[in-house]
Amino acid sequence: MSDVNGTYDVCIIGGGITGTALAYSLCKLGETSVAVFEKSYLSSGSTGRCGGGIRQQWSTKNNVRLAMRSVKLFENFEEDVGMDIEYYQGGYLMLSYDEEEAEQFEKNVEIQREEGLDVEILTPKQVSERYPYINTQDLIVATFCQTDGHANPHKAVIGYAQAAKRMGADIYTHTEVLGVDVENGKVVGIQTTRGYFKCNVVVNASGPWSRQVAELAGVELPTESYRHQIFVTEPLENFFPMMAISFAGNFYMRQAHHGQFIMGQGDKDEKPGINYNVTFKFEKELAEKMVGIFPFLKNLRIMRHWSGMYNMSPDAQPIIGQSDKVKGYFYAVGYSGHGFMVAPAVSEALSELIVFGKTLHTDVSYLNVDRFSNEDVEKEKNVV
Amino acid sequence: MVNEGPTEKKHVKALVIGAGPAGLCGAIATAESIGDGKQILVVDEGIVPGGQLPKQTHKFFGHEGFYASVRGFEIGEKLVSKATDLGVQFSMQTTVAGIYEDSIVTYDRNNNSVDEYTADYLLIATGASERFLVFRNNTLPGVYGAGAVQTLMNQYKVMPGESFLIVGAGNIGLIVAYQLLQAGANVKAIVEASSKIGGYMVHANKIMRLGVPIMLNHTIVSALGEERVQGAIVARVDEHFKPIPGTEKEFVVDTICLAVGLQPSVELVAQTGAEIKYISELGGYVPIRDENMKTTADNVYIAGDLSGIEEASTAMIEGYIAGYNIAQKITGQDLSEKISTMKDELIEFRKGPFASKVREGLKKMNILFPSGGYRERTQQSTGPNGKLRAVIECPQAIPCNPCETSCPTGAINVGKNINSIPYVDYDKCIGCGVCVMKCPGLAIFLLQEKEDYSIVGIPYEFLPIPENGTIVKLFDKDGRYVADGQIDKVSVNRKDKTHLVFLRVPKGMENIVRHFDLAINSEEYVCRCEEVSRQDVEKVIDSGITDYEEIRRILRIGMGPCGGKTCRNVVLQIIAEKTKIPISESKLGAFRPPVIPLPIDAIVKSRKGVDKDE
């Protein structure tokens with residue numbers, strides 16, 4: 001503690017979408033004594049590795065509200081934050097190949113419409129009329145929301161980070177947080193590879209490492225990281241506006257701004273733990289499946305293949321709030337694969353929680369870790 | 001690695017990636033030791049095995065044990081037939097697309113098919129790729145890398161242009177210039193940014209006497225032309241290699257050939273998890289390895305330029321060392337004697353001044369090679385007047401001795417240290433000219449003073465072969481016209497095509513004449529795949545983003561078909577220049593598979609094919 005390198009009100013651990021968006025949101029509220037600590041480069045964790053989808057078609061009212069607020073913020077991103085992040089509202093086409101799921105889809109649409117979201121239900125015939133390049137064999141039903149879309153996650157992080165910096169925040173990359181200093185049940189500082197920093201608030205926004213970073217302060221979080229893989233093809237002229245996704249079919253795919261197709265699927269056999277290797281099994285399985293549904297893909301080549309971590313919570317929904325054990329210790333973790341899309345709204349809510357002690361725009365209290373002490377965990381169904 | 005999914009994985013004991021001199025020698029060493037070449041598979045992208053050898057038409061340096069004085073393409077043929085005789089399997093036109101957690105995936109371009117392998121041992125000998133240079137209009141058609149020029153000209157027999165500017169006076173630039181001249185092209189100049197010629201002086205002398213200027217302290221600043229290259233602007237550079245305004249010169253050329261060095265191709269070895277480190281003396285990022293060529297990854301060996309930019313002889317020796325070590329592991333037999341013989345060879349080859357960078361680089365991995373112990377002074381005497389005799393103009397200590405071993409009378413001495421500069425014993429020399437035709441550097445001449453004129457015998461590798469009695473123009477070692485002369489006679493060397501032409505030159509010019517002439521004849525792009533310019537990169541760096549991975553994601557650098565093989569180091573250099581943080585301290589970016597674009601239908605086909613069989 002002898003060599004204090006600096007003092008901040010808020011120290012954020014993790015330079016992904018949550019950390020940088022939170023720094024930005026805090027600065028906008030006038031709280032500019034903020035620093036982000038990233039152990040590698042910005043967006044090097046889950047954000048920079050994700051598919052970049054942004055959707056509002058969720059199965060619970062709260063999640064729909066959170067996502068709709070996020071979309072509002074994405075719509076204004078370029079004007080507010082000052083960076084073109086290739087945001088495009090080409091819609092989300094959710095394809096169901098399972099009777100039970102199809103029924104659930106219709107229930108979801110009811111909830112979504114109640115929240116004011118404009119969602120269509122499409123028959124297979126309508127899907128093939130609208131998207132003649134999709135093979136609709138075995139398709140039961142699809143839903144479509146035009147205001148869903150996608151963006152470039154890395155650019156979003158850089159945009160937030162640069163805007164936060166302009167307002168006075170500090171961003172430390174290649175700086176690892178080694179310890180969180182707690183005195184009398186209250187956060188007082190952090191130890192990093194660049195020395196010690198005093199602070200009143202620490203935010204765990206460390207994605208894949210959320211549980212380990214929580215342990216630094218003696219806080220327990222029920223998260224577990226699982227590898228998910230993605231590959232990207234060479235580019236084509238843009239003709240595929242939407243994100244196509246299927247839970248039962250286990251895939252998602254979009255055409256990015258540059259024209260390349262980005263796609264992924266989950267693997268039920270994946271064991272928890274951080275692993276950035278890639279398997280050829282994934283390439284084979286996904287390539288074969290996707291060529292069946294999107295036959296034009298067979299003429300494309302795979303350019304790159306990588307993996308990233310889903311930081312899973314027990315109910316596949318984020319864990320957001322303040323520790324009741326350690327005062328000043330906040331977390332926004334366990335996004336379960338959809339952190340990028342909700343981060344703007346989550347960060348806004350969290351910044352309000354930190355500055356005002358309560359949220360103003362979106363209620364996130366239902367995402368507090370306390371919910372897991374309740375035996376009856378309601379799992380979000382719309383997750384690949 | 002457990003078999004999963006319908007695709008059958010093939011298993012080999014040793015998988016060799018790259019059929020260049022290092023990979024071939026590794027395969028040969030392993031095959032001959034385990035006595036079963038079928039257990040060894042060599043995978044290579046090329047149409048024919050041999051790596052860079054099939055496009056090399058010049059004779060190689062070294063000693064006979066490693067094919068000195070043999071032309072590169074012939075060395076390739078010899079090694080391939082040796083490996084084939086031992087039963088080694090080859091998979092050509094096939095790229096290892098990635099070393100995945102669960103398998104090694106190859107893509108066969110010819111059949112558009114994908115295969116999966118597992119291997120007990122990997123020998124990665126992926127060699128090097130060419131460094132790229134950033135200058136205005138460098139995307140104009142007509143800007144080539146030296147390797148591409150060699151492939152087109154020497155392998156496919158297509159001339160990429162008629163008049164050339166060559167950038168870079170290392171061995172590759174000098175050799176390509178010579179090969180272009182042999183093929184009838186006009187080489188206007190070689191520009192070299194540093195203050196000295198990087199390649200062997202004997203290579204430089206070969207082209208200087210043909211009249212090609214080597215412009216030191218000069219670089220190219222722009223290609224000129226609308227649709228394709230029509231010219232080039234070069235300028236003098238200051239001590240920081242920045243062009244000095246006002247020193248520009250224009251050349252009318254239709255082709256610009258870049259020969260600005262090589263960088264190890266580490267993409268695949270990085271995917272094995274082997275530790276990679278930036279060691280500039282070895283050419284950039286290189287795998288950390290031990291004296292036995294083993295990387296920090298289990299059962300993963302390397303050899304050749306991948307382990308540090310050097311040359312073919314040492315690549316072959318490293319291949320043997322790696323190959324014997326793998327064989328030792330496979331069979332349990334003791335091959336330490338063979339391995340230590342090869343290590344002694346390496347020590348010999350690396351004692352000379354040209355190996356100093358490699359020695360320095362390897363020192364950073366705690367691998368030490370001694371230097372010195374060779375003769376550095378050139379012989380002063382050119383022998384007794386009037387006697388037909390050899391004079392050797394080999395000014396640098398390079399590891400090479402075919403002159404000594406080919407001399408039928410034992411008149412030439414290099415000695416035990418192969419780096420020593422050769423001396424001629426004029427009592428023993430009979431002026432037979434064998435050494436003239438053998439010397440890979442074309443650095444030996446014959447002299448004889450006669451009553452009215454002198455005879456100069458020079459090595460000659462051009463067409464047509466001149467007729468006796470023809471009047472010719474005579475040039476000095478810098479390609480300057482000095483006098484007229486006459487062809488006295490020609491010894492045609494049908495076997496290896498270095499002929500010996502005897503010229504009659506005016507008396508007193510025997511030490512001057514070294515060649516004759518019969519004929520009396522915009523934007524600067526960093527990443528060409530994604531069209532990212534230097535200005536784009538600098539703008540991002542200026543905005544405070546200095547991490548390679550961050551810049552890459554913003555500008556899409558390295559996300560095109562080359563996967564960053566061309567632009568990664570250029571960007572790292574720009575970052576280093578602008579941030580003043582050396583590349584060795586900046587963060588190594590990811591090397592993601594596949595290293596070549598992999599057709600989806602080939603992957604799907606590989607699964608369907610198996611399904612049908614079931």
# chains A, B, ... in the order shown; residues from 1 in each chain; ligands from 1

call {"tool": "closest_atom_pairs", "arguments": {"of": "chain B", "to": "chain A", "cutoff": "8 Å", "atoms": "only C-alpha atoms", "output": "JSON lines"}}
result
{"residue": "B:Glu4", "atom": "CA", "partner": "A:Lys281", "partner_atom": "CA", "distance": 7.4}
{"residue": "B:Gly5", "atom": "CA", "partner": "A:Lys281", "partner_atom": "CA", "distance": 7.1}
{"residue": "B:Tyr100", "atom": "CA", "partner": "A:Thr279", "partner_atom": "CA", "distance": 5.1}
{"residue": "B:Glu101", "atom": "CA", "partner": "A:Thr279", "partner_atom": "CA", "distance": 5.2}
{"residue": "B:Asp102", "atom": "CA", "partner": "A:Thr279", "partner_atom": "CA", "distance": 5.4}
{"residue": "B:Ser103", "atom": "CA", "partner": "A:Phe280", "partner_atom": "CA", "distance": 6.6}
{"residue": "B:Val105", "atom": "CA", "partner": "A:Phe280", "partner_atom": "CA", "distance": 7.3}
{"residue": "B:Asp547", "atom": "CA", "partner": "A:Tyr41", "partner_atom": "CA", "distance": 6.7}
{"residue": "B:Glu549", "atom": "CA", "partner": "A:Tyr41", "partner_atom": "CA", "distance": 7.3}
{"residue": "B:Glu550", "atom": "CA", "partner": "A:Leu42", "partner_atom": "CA", "distance": 6.9}
{"residue": "B:Arg553", "atom": "CA", "partner": "A:His154", "partner_atom": "CA", "distance": 6.6}
{"residue": "B:Ile554", "atom": "CA", "partner": "A:Lys155", "partner_atom": "CA", "distance": 6.5}
{"residue": "B:Met559", "atom": "CA", "partner": "A:Met303", "partner_atom": "CA", "distance": 7.5}
{"residue": "B:Gly560", "atom": "CA", "partner": "A:Met303", "partner_atom": "CA", "distance": 7.5}
{"residue": "B:Pro561", "atom": "CA", "partner": "A:Met303", "partner_atom": "CA", "distance": 6.9}
{"residue": "B:Gly563", "atom": "CA", "partner": "A:Met303", "partner_atom": "CA", "distance": 7.7}
{"residue": "B:Arg592", "atom": "CA", "partner": "A:Arg304", "partner_atom": "CA", "distance": 5.9}
{"residue": "B:Pro593", "atom": "CA", "partner": "A:Arg304", "partner_atom": "CA", "distance": 5.6}
{"residue": "B:Pro594", "atom": "CA", "partner": "A:Arg304", "partner_atom": "CA", "distance": 5.7}
{"residue": "B:Val595", "atom": "CA", "partner": "A:Arg304", "partner_atom": "CA", "distance": 7.8}
{"residue": "B:Ile596", "atom": "CA", "partner": "A:Met303", "partner_atom": "CA", "distance": 7.0}
{"residue": "B:Pro597", "atom": "CA", "partner": "A:Met303", "partner_atom": "CA", "distance": 4.7}
{"residue": "B:Leu598", "atom": "CA", "partner": "A:Arg301", "partner_atom": "CA", "distance": 4.8}
{"residue": "B:Pro599", "atom": "CA", "partner": "A:Arg301", "partner_atom": "CA", "distance": 3.9}
{"residue": "B:Ile600", "atom": "CA", "partner": "A:Lys298", "partner_atom": "CA", "distance": 5.3}
{"residue": "B:Asp601", "atom": "CA", "partner": "A:Lys298", "partner_atom": "CA", "distance": 4.7}
{"residue": "B:Ile603", "atom": "CA", "partner": "A:Lys284", "partner_atom": "CA", "distance": 5.9}
{"residue": "B:Val604", "atom": "CA", "partner": "A:Glu288", "partner_atom": "CA", "distance": 5.1}
{"residue": "B:Arg607", "atom": "CA", "partner": "A:Lys284", "partner_atom": "CA", "distance": 7.4}

call {"tool": "residues_around", "arguments": {"residues": "B:Thr405", "least_positions_apart": "5", "cutoff": "12 Å", "atoms": "only C-alpha atoms", "output": "list in words"}}
result
Gly62, His63, Glu64, Gly65, Ala68, Ser69, Cys400, Gly410, Ala411, Ile412, Asn413, Val414, Gly415, Lys416, Ile418, Pro422, Val434, Cys435, Lys438 and Cys439 of chain B

call {"tool": "write_last_selection", "arguments": {"atoms": "N, CA and C atoms", "output": "PDB file, in the first residue's frame"}}
result
ATOM      1  N   GLY B  62      28.514 -24.334 -50.269  1.00  0.00           N
ATOM      2  CA  GLY B  62      28.579 -25.395 -49.270  1.00  0.00           C
ATOM      3  C   GLY B  62      29.655 -26.410 -49.617  1.00  0.00           C
ATOM      4  N   HIS B  63      29.439 -27.654 -49.177  1.00  0.00           N
ATOM      5  CA  HIS B  63      30.378 -28.707 -49.578  1.00  0.00           C
ATOM      6  C   HIS B  63      29.597 -29.867 -50.168  1.00  0.00           C
ATOM      7  N   GLU B  64      30.349 -30.791 -50.756  1.00  0.00           N
ATOM      8  CA  GLU B  64      29.710 -31.823 -51.569  1.00  0.00           C
ATOM      9  C   GLU B  64      28.698 -32.656 -50.800  1.00  0.00           C
ATOM     10  N   GLY B  65      28.953 -32.842 -49.509  1.00  0.00           N
ATOM     11  CA  GLY B  65      28.027 -33.619 -48.687  1.00  0.00           C
ATOM     12  C   GLY B  65      26.616 -33.047 -48.719  1.00  0.00           C
ATOM     13  N   ALA B  68      26.991 -29.026 -52.772  1.00  0.00           N
ATOM     14  CA  ALA B  68      27.559 -27.776 -53.267  1.00  0.00           C
ATOM     15  C   ALA B  68      27.822 -27.915 -54.752  1.00  0.00           C
ATOM     16  N   SER B  69      27.749 -26.788 -55.464  1.00  0.00           N
ATOM     17  CA  SER B  69      27.984 -26.735 -56.904  1.00  0.00           C
ATOM     18  C   SER B  69      26.903 -27.423 -57.725  1.00  0.00           C
ATOM     19  N   CYS B 400      32.059 -22.642 -48.073  1.00  0.00           N
ATOM     20  CA  CYS B 400      31.984 -23.184 -49.428  1.00  0.00           C
ATOM     21  C   CYS B 400      33.356 -23.712 -49.826  1.00  0.00           C
ATOM     22  N   GLY B 410      45.064 -30.819 -56.656  1.00  0.00           N
ATOM     23  CA  GLY B 410      45.190 -30.427 -55.249  1.00  0.00           C
ATOM     24  C   GLY B 410      45.819 -29.060 -55.073  1.00  0.00           C
ATOM     25  N   ALA B 411      45.597 -28.176 -56.049  1.00  0.00           N
ATOM     26  CA  ALA B 411      46.261 -26.873 -56.012  1.00  0.00           C
ATOM     27  C   ALA B 411      45.512 -25.838 -55.177  1.00  0.00           C
ATOM     28  N   ILE B 412      44.237 -26.103 -54.886  1.00  0.00           N
ATOM     29  CA  ILE B 412      43.460 -25.096 -54.156  1.00  0.00           C
ATOM     30  C   ILE B 412      43.240 -25.562 -52.723  1.00  0.00           C
ATOM     31  N   ASN B 413      43.466 -24.631 -51.820  1.00  0.00           N
ATOM     32  CA  ASN B 413      43.317 -24.962 -50.399  1.00  0.00           C
ATOM     33  C   ASN B 413      42.268 -24.073 -49.733  1.00  0.00           C
ATOM     34  N   VAL B 414      41.289 -24.710 -49.129  1.00  0.00           N
ATOM     35  CA  VAL B 414      40.363 -24.004 -48.240  1.00  0.00           C
ATOM     36  C   VAL B 414      40.693 -24.421 -46.816  1.00  0.00           C
ATOM     37  N   GLY B 415      40.851 -25.703 -46.662  1.00  0.00           N
ATOM     38  CA  GLY B 415      41.270 -26.210 -45.358  1.00  0.00           C
ATOM     39  C   GLY B 415      40.118 -26.754 -44.554  1.00  0.00           C
ATOM     40  N   LYS B 416      40.423 -27.085 -43.318  1.00  0.00           N
ATOM     41  CA  LYS B 416      39.465 -27.762 -42.473  1.00  0.00           C
ATOM     42  C   LYS B 416      38.252 -26.880 -42.179  1.00  0.00           C
ATOM     43  N   ILE B 418      35.636 -24.667 -43.356  1.00  0.00           N
ATOM     44  CA  ILE B 418      35.052 -24.468 -44.688  1.00  0.00           C
ATOM     45  C   ILE B 418      34.802 -22.996 -45.007  1.00  0.00           C
ATOM     46  N   PRO B 422      39.811 -19.303 -50.139  1.00  0.00           N
ATOM     47  CA  PRO B 422      40.715 -20.252 -50.806  1.00  0.00           C
ATOM     48  C   PRO B 422      42.019 -19.602 -51.302  1.00  0.00           C
ATOM     49  N   VAL B 434      38.682 -26.535 -64.262  1.00  0.00           N
ATOM     50  CA  VAL B 434      37.605 -27.280 -63.581  1.00  0.00           C
ATOM     51  C   VAL B 434      36.988 -26.421 -62.476  1.00  0.00           C
ATOM     52  N   CYS B 435      37.834 -25.751 -61.703  1.00  0.00           N
ATOM     53  CA  CYS B 435      37.325 -24.929 -60.600  1.00  0.00           C
ATOM     54  C   CYS B 435      36.465 -23.778 -61.113  1.00  0.00           C
ATOM     55  N   LYS B 438      33.172 -25.072 -61.622  1.00  0.00           N
ATOM     56  CA  LYS B 438      32.532 -25.586 -60.394  1.00  0.00           C
ATOM     57  C   LYS B 438      32.088 -24.476 -59.459  1.00  0.00           C
ATOM     58  N   CYS B 439      32.824 -23.390 -59.417  1.00  0.00           N
ATOM     59  CA  CYS B 439      32.600 -22.376 -58.375  1.00  0.00           C
ATOM     60  C   CYS B 439      31.165 -21.843 -58.440  1.00  0.00           C
TER      61      CYS B 439
END

call {"tool": "residues_around", "arguments": {"residues": "A:Pro318", "least_positions_apart": "3", "cutoff": "12 Å", "atoms": "only C-alpha atoms", "output": "number ranges by chain"}}
result
A: 18, 62-63, 66, 205, 207, 210, 221-223, 310-315, 321, 331-343, 346, 364-369, 371-372, 379-380

call {"tool": "residues_around", "arguments": {"residues": "stretch 367-369 of chain B", "least_positions_apart": "5", "cutoff": "9 Å", "atoms": "only C-alpha atoms", "output": "PyMOL selection string"}}
result
chain B and resi 290-291+346-347+350-351+359-362

call {"tool": "residues_around", "arguments": {"residues": "B:Val540", "least_positions_apart": "3", "cutoff": "10 Å", "atoms": "only C-alpha atoms", "output": "ChimeraX atom specification"}}
result
/B:535-537,543-546,550-551,554-555

call {"tool": "write_last_selection", "arguments": {"atoms": "N, CA and C atoms", "output": "mmCIF file, in the first residue's frame"}}
result
data_model
loop_
_atom_site.group_PDB
_atom_site.id
_atom_site.type_symbol
_atom_site.label_atom_id
_atom_site.label_comp_id
_atom_site.auth_asym_id
_atom_site.auth_seq_id
_atom_site.Cartn_x
_atom_site.Cartn_y
_atom_site.Cartn_z
ATOM 1 N N GLN B 535 -1.575 5.072 -44.348
ATOM 2 C CA GLN B 535 -2.252 6.211 -43.718
ATOM 3 C C GLN B 535 -3.380 5.726 -42.812
ATOM 4 N N ASP B 536 -4.119 4.696 -43.268
ATOM 5 C CA ASP B 536 -5.200 4.143 -42.440
ATOM 6 C C ASP B 536 -4.635 3.664 -41.106
ATOM 7 N N VAL B 537 -3.545 2.927 -41.182
ATOM 8 C CA VAL B 537 -2.952 2.354 -39.966
ATOM 9 C C VAL B 537 -2.465 3.472 -39.055
ATOM 10 N N SER B 543 -4.968 7.753 -33.124
ATOM 11 C CA SER B 543 -6.147 7.918 -32.278
ATOM 12 C C SER B 543 -5.957 7.227 -30.925
ATOM 13 N N GLY B 544 -4.779 6.646 -30.702
ATOM 14 C CA GLY B 544 -4.482 6.072 -29.388
ATOM 15 C C GLY B 544 -4.633 4.573 -29.332
ATOM 16 N N ILE B 545 -4.934 3.950 -30.476
ATOM 17 C CA ILE B 545 -5.091 2.491 -30.490
ATOM 18 C C ILE B 545 -3.799 1.914 -31.019
ATOM 19 N N THR B 546 -3.051 1.251 -30.149
ATOM 20 C CA THR B 546 -1.714 0.823 -30.561
ATOM 21 C C THR B 546 -1.524 -0.672 -30.467
ATOM 22 N N GLU B 550 -6.167 -4.852 -31.731
ATOM 23 C CA GLU B 550 -7.214 -3.823 -31.811
ATOM 24 C C GLU B 550 -7.234 -3.190 -33.198
ATOM 25 N N ILE B 551 -6.041 -2.897 -33.710
ATOM 26 C CA ILE B 551 -5.943 -2.284 -35.044
ATOM 27 C C ILE B 551 -6.480 -3.250 -36.095
ATOM 28 N N ILE B 554 -10.187 -3.285 -36.206
ATOM 29 C CA ILE B 554 -10.787 -2.062 -36.730
ATOM 30 C C ILE B 554 -10.612 -1.981 -38.248
ATOM 31 N N LEU B 555 -9.428 -2.309 -38.712
ATOM 32 C CA LEU B 555 -9.134 -2.107 -40.140
ATOM 33 C C LEU B 555 -9.246 -3.395 -40.960
#

call {"tool": "residues_around", "arguments": {"residues": "B:Pro399", "least_positions_apart": "3", "cutoff": "10 Å", "atoms": "only C-alpha atoms", "output": "list in words"}}
result
Phe61, Gly62, His63, Ser313, Glu348, Phe349, Arg350, Lys351, Gly352, Pro353, Phe354, Ala355, Tyr374, Gln396, Val414, Asn417, Ile418, Asn419, Ser420 and Ile421 of chain B

call {"tool": "write_last_selection", "arguments": {"atoms": "C-alpha atoms", "output": "PDB file, in the first residue's frame"}}
result
ATOM      1  CA  PHE B  61      27.399 -23.052 -51.964  1.00  0.00           C
ATOM      2  CA  GLY B  62      28.579 -25.395 -49.270  1.00  0.00           C
ATOM      3  CA  HIS B  63      30.378 -28.707 -49.578  1.00  0.00           C
ATOM      4  CA  SER B 313      22.674 -26.196 -46.415  1.00  0.00           C
ATOM      5  CA  GLU B 348      31.296 -25.532 -39.282  1.00  0.00           C
ATOM      6  CA  PHE B 349      28.689 -23.805 -41.417  1.00  0.00           C
ATOM      7  CA  ARG B 350      27.965 -21.223 -38.760  1.00  0.00           C
ATOM      8  CA  LYS B 351      31.513 -20.165 -37.950  1.00  0.00           C
ATOM      9  CA  GLY B 352      31.730 -17.522 -40.656  1.00  0.00           C
ATOM     10  CA  PRO B 353      30.888 -13.815 -40.648  1.00  0.00           C
ATOM     11  CA  PHE B 354      27.620 -14.274 -42.574  1.00  0.00           C
ATOM     12  CA  ALA B 355      26.314 -16.500 -39.780  1.00  0.00           C
ATOM     13  CA  TYR B 374      39.108 -19.344 -40.701  1.00  0.00           C
ATOM     14  CA  GLN B 396      34.479 -12.998 -48.184  1.00  0.00           C
ATOM     15  CA  VAL B 414      40.363 -24.004 -48.240  1.00  0.00           C
ATOM     16  CA  ASN B 417      37.407 -24.676 -41.726  1.00  0.00           C
ATOM     17  CA  ILE B 418      35.052 -24.468 -44.688  1.00  0.00           C
ATOM     18  CA  ASN B 419      34.667 -20.717 -44.216  1.00  0.00           C
ATOM     19  CA  SER B 420      38.282 -19.961 -45.113  1.00  0.00           C
ATOM     20  CA  ILE B 421      39.080 -17.950 -48.221  1.00  0.00           C
TER      21      ILE B 421
END

call {"tool": "residues_around", "arguments": {"residues": "stretch 110-116 of chain A", "least_positions_apart": "2", "cutoff": "8 Å", "atoms": "only C-alpha atoms", "output": "PyMOL selection string"}}
result
chain A and resi 57-61+64-65+106-108+118-119

call {"tool": "write_last_selection", "arguments": {"atoms": "C-alpha atoms", "output": "mmCIF file, in the first residue's frame"}}
result
data_model
loop_
_atom_site.group_PDB
_atom_site.id
_atom_site.type_symbol
_atom_site.label_atom_id
_atom_site.label_comp_id
_atom_site.auth_asym_id
_atom_site.auth_seq_id
_atom_site.Cartn_x
_atom_site.Cartn_y
_atom_site.Cartn_z
ATOM 1 C CA GLN A 57 -37.012 -11.498 -28.997
ATOM 2 C CA TRP A 58 -36.757 -12.967 -25.508
ATOM 3 C CA SER A 59 -39.061 -15.243 -23.547
ATOM 4 C CA THR A 60 -39.549 -13.126 -20.410
ATOM 5 C CA LYS A 61 -41.005 -9.661 -20.019
ATOM 6 C CA VAL A 64 -37.557 -8.066 -23.534
ATOM 7 C CA ARG A 65 -37.598 -4.710 -21.746
ATOM 8 C CA GLU A 106 -46.040 -18.104 -30.157
ATOM 9 C CA LYS A 107 -46.240 -17.516 -26.404
ATOM 10 C CA ASN A 108 -43.023 -15.492 -26.563
ATOM 11 C CA ASP A 118 -43.243 -5.457 -33.508
ATOM 12 C CA VAL A 119 -42.780 -9.184 -34.190
#

call {"tool": "closest_residue", "arguments": {"among": "A:Gln260, A:Gln322, A:Ser46, A:Asn238", "to": "A:Val202", "atoms": "only C-alpha atoms"}}
result
A:Gln322

call {"tool": "select_by_dssp", "arguments": {"residues": "stretch 98-208 of chain B", "states": "helix (DSSP H, G or I)", "output": "VMD selection string"}}
result
chain B and resid 146 to 155 171 to 182 201 to 208

call {"tool": "atom_distance", "arguments": {"atom1": "atom CA of B:Thr151", "atom2": "atom CA of B:Phe516"}}
result
28.6 Å

call {"tool": "atom_distance", "arguments": {"atom1": "atom CA of A:Thr143", "atom2": "atom CA of A:Ile17"}}
result
27.8 Å

call {"tool": "atom_distance", "arguments": {"atom1": "atom CA of A:Ala35", "atom2": "atom CA of A:Val71"}}
result
25.9 Å

call {"tool": "select_by_dssp", "arguments": {"residues": "stretch 209-389 of chain B", "states": "strand (DSSP E or B)", "output": "PyMOL selection string"}}
result
chain B and resi 214-216+218-224+231-237+243+249-251+255-258+262-264+276-279+284-287+289+294-295+300-302+389
